[in-house]
$ cat target_12.txt   # compact mmCIF, C-alpha atoms and all ligand atoms
# COMPACT_ATOMS: atom_id res chain seq x y z
CA MET A 1133 113.51 93.47 130.45
CA SER A 1134 115.83 90.51 130.46
CA GLU A 1135 117.27 90.87 126.99
CA GLN A 1136 117.53 93.81 124.69
CA VAL A 1137 115.74 93.44 121.38
CA LYS A 1138 117.58 95.27 118.69
CA HIS A 1139 115.66 94.52 115.52
CA ILE A 1140 112.04 95.37 114.98
CA LEU A 1141 112.34 93.51 111.67
CA TYR A 1142 114.54 90.49 111.23
CA ILE A 1143 114.25 88.97 107.78
CA GLU A 1144 116.44 86.14 106.52
CA GLY A 1145 116.44 83.89 103.47
CA LEU A 1146 113.20 85.35 102.18
CA THR A 1147 112.07 83.99 98.83
CA VAL A 1148 108.80 84.84 97.09
CA SER A 1149 107.99 83.25 93.73
CA PHE A 1150 105.28 84.06 91.24
CA ASP A 1151 104.93 81.18 88.77
CA GLY A 1152 108.59 80.29 89.17
CA PHE A 1153 109.80 83.90 88.93
CA LYS A 1154 111.60 84.98 92.10
CA ALA A 1155 110.36 88.44 93.04
CA LEU A 1156 112.43 88.11 96.24
CA ASP A 1157 115.42 85.81 96.17
CA ASP A 1158 116.98 84.69 99.44
CA LEU A 1159 116.71 88.22 100.82
CA SER A 1160 118.05 89.28 104.20
CA PHE A 1161 116.88 92.58 105.63
CA TYR A 1162 117.18 93.94 109.16
CA VAL A 1163 115.67 97.10 110.61
CA GLU A 1164 116.54 98.35 114.06
CA GLU A 1165 114.11 99.81 116.54
CA ASN A 1166 113.56 103.55 115.97
CA GLU A 1167 115.28 103.41 112.61
CA LEU A 1168 114.12 105.20 109.47
CA ARG A 1169 115.16 103.01 106.56
CA VAL A 1170 114.75 103.92 102.92
CA VAL A 1171 114.53 101.15 100.33
CA ILE A 1172 115.28 102.07 96.74
CA GLY A 1173 115.66 100.09 93.55
CA PRO A 1174 114.52 99.98 89.96
CA ASN A 1175 111.02 99.04 88.91
CA GLY A 1176 110.37 95.35 89.54
CA ALA A 1177 113.16 95.02 92.12
CA GLY A 1178 110.75 93.51 94.66
CA LYS A 1179 110.23 96.55 96.91
CA SER A 1180 106.44 96.35 97.12
CA THR A 1181 106.58 92.57 97.43
CA LEU A 1182 108.81 92.97 100.48
CA LEU A 1183 106.17 95.17 102.14
CA ASP A 1184 103.44 92.72 101.05
CA VAL A 1185 105.21 89.93 102.93
CA ILE A 1186 105.77 92.01 106.08
CA CYS A 1187 102.10 93.00 106.28
CA GLY A 1188 100.87 89.48 105.50
CA LYS A 1189 99.35 90.13 102.08
CA THR A 1190 101.78 87.73 100.40
CA LYS A 1191 103.04 84.49 101.90
CA PRO A 1192 106.65 83.58 101.14
CA GLU A 1193 107.92 80.31 99.76
CA LYS A 1194 110.82 80.35 102.21
CA GLY A 1195 112.38 82.50 104.87
CA LYS A 1196 112.12 84.07 108.28
CA VAL A 1197 110.17 87.28 108.88
CA LEU A 1198 110.33 88.16 112.56
CA PHE A 1199 108.87 91.14 114.41
CA TYR A 1200 110.94 92.06 117.48
CA GLU A 1201 113.13 89.03 116.68
CA LYS A 1202 110.41 86.70 117.96
CA ILE A 1203 106.99 86.96 116.35
CA ASP A 1204 106.82 85.03 113.10
CA LEU A 1205 104.82 87.22 110.71
CA THR A 1206 104.67 84.56 107.99
CA LYS A 1207 102.22 82.59 110.13
CA MET A 1208 99.82 85.47 110.70
CA LYS A 1209 96.86 87.03 108.91
CA GLU A 1210 96.87 90.63 107.69
CA HIS A 1211 94.53 91.97 110.38
CA GLU A 1212 96.51 90.22 113.12
CA ILE A 1213 99.71 91.83 111.86
CA ALA A 1214 98.02 95.24 111.76
CA ARG A 1215 96.91 94.72 115.34
CA LEU A 1216 100.47 93.99 116.40
CA GLY A 1217 101.37 97.55 115.43
CA ILE A 1218 102.44 97.41 111.81
CA GLY A 1219 100.83 100.03 109.57
CA ARG A 1220 101.18 100.01 105.81
CA LYS A 1221 100.48 102.60 103.16
CA PHE A 1222 100.03 101.34 99.62
CA GLN A 1223 101.29 103.07 96.49
CA THR A 1224 97.99 104.66 95.53
CA PRO A 1225 96.12 106.66 98.15
CA SER A 1226 92.94 105.01 99.37
CA VAL A 1227 90.94 107.41 101.51
CA TYR A 1228 87.15 107.54 101.89
CA GLU A 1229 86.37 110.33 99.43
CA ASP A 1230 82.82 110.98 100.67
CA LEU A 1231 83.85 111.36 104.30
CA THR A 1232 85.52 114.44 105.73
CA VAL A 1233 89.19 114.49 106.67
CA PHE A 1234 88.21 114.29 110.34
CA GLU A 1235 85.86 111.34 109.70
CA ASN A 1236 88.55 109.49 107.77
CA LEU A 1237 90.76 109.68 110.84
CA ALA A 1238 87.91 108.82 113.21
CA ILE A 1239 87.08 105.70 111.22
CA SER A 1240 90.71 104.59 111.31
CA TYR A 1241 90.83 104.95 115.06
CA PRO A 1242 91.11 101.56 116.73
CA LYS A 1243 87.77 100.48 118.28
CA ARG A 1244 85.78 102.67 115.88
CA LYS A 1245 85.65 100.35 112.97
CA THR A 1246 82.32 101.31 111.37
CA VAL A 1247 81.30 104.53 109.70
CA PHE A 1248 78.31 104.65 112.02
CA ASN A 1249 80.49 104.49 115.12
CA ALA A 1250 83.01 106.95 113.80
CA VAL A 1251 80.50 109.52 112.67
CA PHE A 1252 77.59 109.19 115.05
CA SER A 1253 78.83 107.89 118.33
CA ARG A 1254 80.30 110.50 120.57
CA LEU A 1255 84.04 110.76 120.54
CA SER A 1256 85.62 111.27 123.91
CA ALA A 1257 87.64 114.42 124.51
CA GLN A 1258 90.69 112.22 124.50
CA ASP A 1259 89.79 110.74 121.07
CA LYS A 1260 89.25 114.21 119.65
CA GLU A 1261 92.52 115.43 121.03
CA LYS A 1262 94.34 112.51 119.46
CA ILE A 1263 92.70 113.14 116.07
CA GLU A 1264 93.58 116.82 116.27
CA LYS A 1265 97.17 116.02 117.09
CA VAL A 1266 97.38 113.83 113.99
CA LEU A 1267 95.64 116.51 111.90
CA GLU A 1268 98.28 118.94 112.99
CA SER A 1269 101.19 116.67 112.22
CA ILE A 1270 99.87 115.92 108.71
CA GLY A 1271 99.18 119.63 108.11
CA LEU A 1272 95.44 119.22 107.48
CA ILE A 1273 93.95 120.85 110.57
CA ASP A 1274 92.47 123.67 108.47
CA LYS A 1275 90.82 121.17 106.16
CA MET A 1276 89.41 118.80 108.76
CA HIS A 1277 85.82 119.41 107.59
CA PHE A 1278 86.58 119.09 103.87
CA LYS A 1279 85.41 115.98 102.06
CA ALA A 1280 88.52 113.91 101.39
CA GLY A 1281 87.57 113.74 97.71
CA LEU A 1282 88.29 117.48 97.47
CA LEU A 1283 91.90 117.14 98.63
CA SER A 1284 94.86 117.32 96.27
CA HIS A 1285 96.74 114.11 95.51
CA GLY A 1286 99.48 115.11 97.97
CA GLU A 1287 96.99 115.92 100.73
CA LYS A 1288 95.32 112.53 100.24
CA GLN A 1289 98.71 110.88 100.73
CA TRP A 1290 99.19 112.81 103.98
CA LEU A 1291 95.70 111.90 105.14
CA GLU A 1292 96.47 108.27 104.54
CA ILE A 1293 99.65 108.59 106.58
CA GLY A 1294 97.45 110.14 109.29
CA MET A 1295 95.08 107.15 109.11
CA ILE A 1296 98.07 104.96 109.94
CA LEU A 1297 99.42 107.30 112.64
CA ILE A 1298 96.13 107.33 114.54
CA GLN A 1299 96.63 103.62 115.19
CA ASP A 1300 99.96 104.34 116.92
CA PRO A 1301 101.95 101.69 115.09
CA LYS A 1302 105.43 100.65 116.15
CA LEU A 1303 106.43 100.10 112.54
CA ILE A 1304 105.19 102.10 109.55
CA LEU A 1305 105.67 100.89 105.99
CA LEU A 1306 105.25 103.51 103.27
CA ASP A 1307 105.27 102.60 99.59
CA GLU A 1308 106.37 105.58 97.49
CA PRO A 1309 104.70 108.26 99.61
CA VAL A 1310 105.84 111.14 97.39
CA ALA A 1311 104.91 109.63 94.02
CA GLY A 1312 102.98 112.17 91.99
CA MET A 1313 103.72 115.03 94.39
CA SER A 1314 104.97 118.50 93.49
CA ALA A 1315 108.43 119.60 94.66
CA LYS A 1316 106.83 121.64 97.43
CA GLU A 1317 104.69 118.72 98.58
CA ARG A 1318 107.74 116.45 98.59
CA GLU A 1319 109.55 118.89 100.81
CA LYS A 1320 106.59 118.99 103.18
CA THR A 1321 106.51 115.21 103.26
CA VAL A 1322 110.18 115.11 104.28
CA GLY A 1323 109.29 117.37 107.23
CA LEU A 1324 106.29 115.21 108.08
CA LEU A 1325 108.27 111.96 108.07
CA LYS A 1326 111.04 113.48 110.17
CA LYS A 1327 108.42 114.64 112.65
CA ILE A 1328 106.72 111.26 112.98
CA ALA A 1329 109.90 109.15 112.98
CA PRO A 1330 111.03 109.57 116.61
CA GLY A 1331 109.82 106.74 118.82
CA ARG A 1332 108.96 104.37 115.99
CA SER A 1333 110.46 102.58 113.03
CA LEU A 1334 109.77 103.46 109.41
CA VAL A 1335 110.49 101.68 106.16
CA VAL A 1336 110.02 104.04 103.25
CA ILE A 1337 110.19 102.92 99.64
CA GLU A 1338 111.25 105.59 97.24
CA HIS A 1339 113.27 106.08 94.12
CA ASP A 1340 113.59 109.85 94.01
CA MET A 1341 117.25 110.44 94.93
CA GLU A 1342 116.70 114.01 96.07
CA PHE A 1343 114.04 112.84 98.50
CA VAL A 1344 116.25 109.98 99.65
CA LYS A 1345 119.14 112.35 100.35
CA ASN A 1346 116.92 114.56 102.48
CA ILE A 1347 115.40 111.83 104.58
CA ALA A 1348 117.62 108.81 104.75
CA GLN A 1349 119.80 107.52 107.50
CA ARG A 1350 120.45 104.10 106.00
CA VAL A 1351 119.52 103.06 102.50
CA THR A 1352 118.99 99.57 101.14
CA VAL A 1353 119.17 99.11 97.38
CA LEU A 1354 117.14 96.19 96.06
CA HIS A 1355 117.75 94.70 92.66
CA GLN A 1356 116.22 91.52 91.24
CA GLY A 1357 114.92 90.49 94.64
CA LYS A 1358 118.25 90.80 96.43
CA VAL A 1359 120.11 93.47 98.40
CA LEU A 1360 122.57 95.08 95.98
CA CYS A 1361 124.05 97.54 98.47
CA GLU A 1362 123.32 98.95 101.91
CA GLY A 1363 124.69 101.89 103.86
CA SER A 1364 124.70 105.67 104.03
CA VAL A 1365 123.22 107.71 101.18
CA GLN A 1366 126.76 108.68 100.16
CA ARG A 1367 128.00 105.12 100.12
CA VAL A 1368 125.04 103.88 98.10
CA HIS A 1369 125.27 106.80 95.71
CA ASN A 1370 128.95 106.14 95.01
CA ASP A 1371 128.67 102.37 94.65
CA PRO A 1372 129.53 101.37 91.07
CA LYS A 1373 127.00 98.49 91.15
CA VAL A 1374 124.24 100.91 92.06
CA GLN A 1375 125.29 103.36 89.37
CA GLU A 1376 125.25 100.57 86.83
CA VAL A 1377 121.74 99.48 87.80
CA TYR A 1378 120.41 103.02 87.76
CA LEU A 1379 122.24 104.24 84.68
CA GLY A 1380 122.81 101.07 82.72
CA GLY A 1381 119.50 100.52 81.04
CA TYR A 1382 117.29 99.82 84.04
CA LYS A 1383 114.62 102.45 84.10
CA VAL A 1384 113.63 103.84 87.44
CA ALA A 1385 109.88 103.98 87.20
CA ALA A 1386 107.13 105.17 89.45
CA ASN A 1387 105.84 101.83 90.65
P1 LIG B 1 108.79 97.06 92.81
O1 LIG B 1 107.81 97.48 93.85
O2 LIG B 1 110.21 97.06 93.26
O3 LIG B 1 108.64 97.84 91.55
P2 LIG B 1 107.31 94.57 92.88
O4 LIG B 1 107.61 94.04 94.23
O5 LIG B 1 106.00 95.20 92.68
O6 LIG B 1 108.49 95.54 92.42
O7 LIG B 1 107.44 93.40 91.83
C1 LIG B 1 108.57 92.56 91.74
C2 LIG B 1 108.36 91.57 90.61
O8 LIG B 1 107.35 90.63 90.97
C3 LIG B 1 107.91 92.23 89.31
O9 LIG B 1 108.52 91.56 88.23
C4 LIG B 1 106.41 91.99 89.32
O10 LIG B 1 105.92 91.92 88.01
C5 LIG B 1 106.29 90.66 90.05
N1 LIG B 1 105.04 90.56 90.80
C6 LIG B 1 104.69 91.30 91.87
N2 LIG B 1 103.48 90.94 92.35
C7 LIG B 1 103.06 89.90 91.55
C8 LIG B 1 101.90 89.08 91.53
N3 LIG B 1 100.92 89.22 92.44
N4 LIG B 1 101.82 88.12 90.57
C9 LIG B 1 102.81 87.95 89.67
N5 LIG B 1 103.93 88.70 89.64
C10 LIG B 1 104.07 89.66 90.57
MG MG B 2 106.36 98.95 93.94
$ encode --input "target_12.txt" --output "structure tokens"
Amino acid sequence: MSEQVKHILYIEGLTVSFDGFKALDDLSFYVEENELRVVIGPNGAGKSTLLDVICGKTKPEKGKVLFYEKIDLTKMKEHEIARLGIGRKFQTPSVYEDLTVFENLAISYPKRKTVFNAVFSRLSAQDKEKIEKVLESIGLIDKMHFKAGLLSHGEKQWLEIGMILIQDPKLILLDEPVAGMSAKEREKTVGLLKKIAPGRSLVVIEHDMEFVKNIAQRVTVLHQGKVLCEGSVQRVHNDPKVQEVYLGGYKVAAN
């Protein structure tokens, strides 16, 4: 390769307005290749909107959103962005409740886009092996034949992470993956994210400080559509501006 690309995400001057209200306000945000970044911030800070722009669901008013410092994501459609290797998990789990865990993964497999194909056409040994590998990493190998509707809330979240993993994305965007989970499930999720992080980049939105401490390398704090502070967990935790936002009347809510 002639030049080394450092940033998988290169975002500058990003502004998103809803009826004149700036959900993101001249935001700059950079994520390096193979980095696991955690984004925190109070409710309404613009965290989900940031992911919406990256995955093409929301188009910005202004700003640069580049993948590998070159590909302009603001010009692309959602499915094109997904095909580039960007996988996104929304806040609420959306699995196919009537299909089994295995079938949910099979249907998410690239090239097997219909239920008919996923369930009835023969999977190659290689496909099966890949699905089993994902089942193992999300801890659901023993429940592969369960209907997804029977899973606990936490297990559905893991299955949805699996449905992203099976597509082998370069960049994974997770919006509050531990929301509504028990302490034990949160702990398991930390292990899962650490296991899947090597070899790809992750942006994880969260507000639970305990979780953030366990997982984070670098943390970005968003507030009112801007970066309030960025750095190590310790640095962010000790920043007076961050303490003011978190303690001074802004409620940290679940969405
Ligand atoms: P967070 O995920 O940090 O809680 P969001 O990105 O969901 O915050 O929202 C940021 C702000 O933008 C909030 O004030 C929210 O009400 C507003 N907002 C988000 N999406 C829309 C939308 N589609 N239409 C209007 N306002 C929106
Ligand atoms: Mg949100």
$ residues_near_ligand --input "target_12.txt" --ligand "ligand LIG 1 (chain B)" --cutoff "7 Å" --atoms "all atoms listed in the file" --output "PDB file with C-alpha atoms, in the coordinates of the input"
ATOM      1  CA  PHE A1150     105.280  84.060  91.240  1.00  0.00           C
ATOM      2  CA  ALA A1155     110.360  88.440  93.040  1.00  0.00           C
ATOM      3  CA  GLY A1173     115.660 100.090  93.550  1.00  0.00           C
ATOM      4  CA  PRO A1174     114.520  99.980  89.960  1.00  0.00           C
ATOM      5  CA  ASN A1175     111.020  99.040  88.910  1.00  0.00           C
ATOM      6  CA  GLY A1176     110.370  95.350  89.540  1.00  0.00           C
ATOM      7  CA  ALA A1177     113.160  95.020  92.120  1.00  0.00           C
ATOM      8  CA  GLY A1178     110.750  93.510  94.660  1.00  0.00           C
ATOM      9  CA  LYS A1179     110.230  96.550  96.910  1.00  0.00           C
ATOM     10  CA  SER A1180     106.440  96.350  97.120  1.00  0.00           C
ATOM     11  CA  THR A1181     106.580  92.570  97.430  1.00  0.00           C
ATOM     12  CA  LEU A1182     108.810  92.970 100.480  1.00  0.00           C
ATOM     13  CA  ASN A1387     105.840 101.830  90.650  1.00  0.00           C
TER      14      ASN A1387
END
$ closest_residue --input "target_12.txt" --among "A:Glu1144, A:Asp1184, A:Asp1230, A:Asp1340" --to "ligand MG 2 (chain B)" --atoms "only C-alpha atoms and all ligand atoms"
A:Asp1184
$ residues_near_point --input "target_12.txt" --point "(112.6, 108.3, 94.6)" --cutoff "8 Å" --atoms "all atoms listed in the file" --output "tab-separated table (two decimals) with C-alpha atoms, in the frame of the given file"
chain	number	residue	atom	x	y	z
A	1172	ILE	CA	115.28	102.07	96.74
A	1308	GLU	CA	106.37	105.58	97.49
A	1310	VAL	CA	105.84	111.14	97.39
A	1311	ALA	CA	104.91	109.63	94.02
A	1337	ILE	CA	110.19	102.92	99.64
A	1338	GLU	CA	111.25	105.59	97.24
A	1339	HIS	CA	113.27	106.08	94.12
A	1340	ASP	CA	113.59	109.85	94.01
A	1341	MET	CA	117.25	110.44	94.93
A	1342	GLU	CA	116.70	114.01	96.07
A	1343	PHE	CA	114.04	112.84	98.50
A	1344	VAL	CA	116.25	109.98	99.65
$ atom_distance --input "target_12.txt" --atom1 "atom CA of A:Thr1232" --atom2 "atom CA of A:Pro1301"
22.8 Å
$ residues_near_point --input "target_12.txt" --point "(113.9, 102.2, 101.0)" --cutoff "7 Å" --atoms "only C-alpha atoms" --output "mmCIF file with C-alpha atoms, in the coordinates of the input"
data_model
loop_
_atom_site.group_PDB
_atom_site.id
_atom_site.type_symbol
_atom_site.label_atom_id
_atom_site.label_comp_id
_atom_site.auth_asym_id
_atom_site.auth_seq_id
_atom_site.Cartn_x
_atom_site.Cartn_y
_atom_site.Cartn_z
ATOM 1 C CA ARG A 1169 115.160 103.010 106.560
ATOM 2 C CA VAL A 1170 114.750 103.920 102.920
ATOM 3 C CA VAL A 1171 114.530 101.150 100.330
ATOM 4 C CA ILE A 1172 115.280 102.070 96.740
ATOM 5 C CA VAL A 1335 110.490 101.680 106.160
ATOM 6 C CA VAL A 1336 110.020 104.040 103.250
ATOM 7 C CA ILE A 1337 110.190 102.920 99.640
ATOM 8 C CA GLU A 1338 111.250 105.590 97.240
ATOM 9 C CA VAL A 1351 119.520 103.060 102.500
ATOM 10 C CA THR A 1352 118.990 99.570 101.140
#
$ axis_aligned_box --input "target_12.txt" --around "stretch 1306-1312 of chain A" --padding-each-side "4 Å" --output "lines of an AutoDock Vina configuration file"
center_x = 104.7
center_y = 107.4
center_z = 97.6
size_x = 11.4
size_y = 17.6
size_z = 19.3
$ atom_distance --input "target_12.txt" --atom1 "atom CA of A:Thr1224" --atom2 "atom CA of A:Gly1331"
26.2 Å
$ residues_around --input "target_12.txt" --residues "A:Ile1328" --least-positions-apart "2" --cutoff "10 Å" --atoms "all atoms listed in the file" --output "PyMOL selection string"
chain A and resi 1266+1269-1270+1293+1297+1304+1323-1326+1330-1334
$ closest_residue --input "target_12.txt" --among "A:Leu1237, A:Leu1159, A:Cys1187, A:Ile1263" --to "A:Lys1209" --atoms "only C-alpha atoms"
A:Cys1187
$ atom_distance --input "target_12.txt" --atom1 "atom CA of A:Val1365" --atom2 "atom CA of A:Lys1196"
27.1 Å
$ closest_residue --input "target_12.txt" --among "A:Ile1296, A:Leu1168, A:Ile1273, A:Val1185" --to "A:Arg1215" --atoms "all atoms listed in the file"
A:Ile1296
$ closest_residue --input "target_12.txt" --among "A:Gln1356, A:Gln1299, A:Ser1256, A:Gln1223" --to "ligand MG 2 (chain B)" --atoms "only C-alpha atoms and all ligand atoms"
A:Gln1223
$ closest_residue --input "target_12.txt" --among "A:Glu1193, A:Asp1204, A:Glu1319, A:Asp1307" --to "ligand MG 2 (chain B)" --atoms "only C-alpha atoms and all ligand atoms"
A:Asp1307
$ closest_residue --input "target_12.txt" --among "A:Ile1140, A:Lys1260, A:Asp1300, A:Lys1221" --to "ligand MG 2 (chain B)" --atoms "only C-alpha atoms and all ligand atoms"
A:Lys1221
$ residues_around --input "target_12.txt" --residues "A:Lys1189" --least-positions-apart "6" --cutoff "12 Å" --atoms "all atoms listed in the file" --output "ChimeraX atom specification"
/A:1148,1180-1183,1205-1214,1220,1222
$ write_last_selection --input "target_12.txt" --atoms "C-alpha atoms" --output "PDB file, in the frame of the given file"
ATOM      1  CA  VAL A1148     108.800  84.840  97.090  1.00  0.00           C
ATOM      2  CA  SER A1180     106.440  96.350  97.120  1.00  0.00           C
ATOM      3  CA  THR A1181     106.580  92.570  97.430  1.00  0.00           C
ATOM      4  CA  LEU A1182     108.810  92.970 100.480  1.00  0.00           C
ATOM      5  CA  LEU A1183     106.170  95.170 102.140  1.00  0.00           C
ATOM      6  CA  LEU A1205     104.820  87.220 110.710  1.00  0.00           C
ATOM      7  CA  THR A1206     104.670  84.560 107.990  1.00  0.00           C
ATOM      8  CA  LYS A1207     102.220  82.590 110.130  1.00  0.00           C
ATOM      9  CA  MET A1208      99.820  85.470 110.700  1.00  0.00           C
ATOM     10  CA  LYS A1209      96.860  87.030 108.910  1.00  0.00           C
ATOM     11  CA  GLU A1210      96.870  90.630 107.690  1.00  0.00           C
ATOM     12  CA  HIS A1211      94.530  91.970 110.380  1.00  0.00           C
ATOM     13  CA  GLU A1212      96.510  90.220 113.120  1.00  0.00           C
ATOM     14  CA  ILE A1213      99.710  91.830 111.860  1.00  0.00           C
ATOM     15  CA  ALA A1214      98.020  95.240 111.760  1.00  0.00           C
ATOM     16  CA  ARG A1220     101.180 100.010 105.810  1.00  0.00           C
ATOM     17  CA  PHE A1222     100.030 101.340  99.620  1.00  0.00           C
TER      18      PHE A1222
END
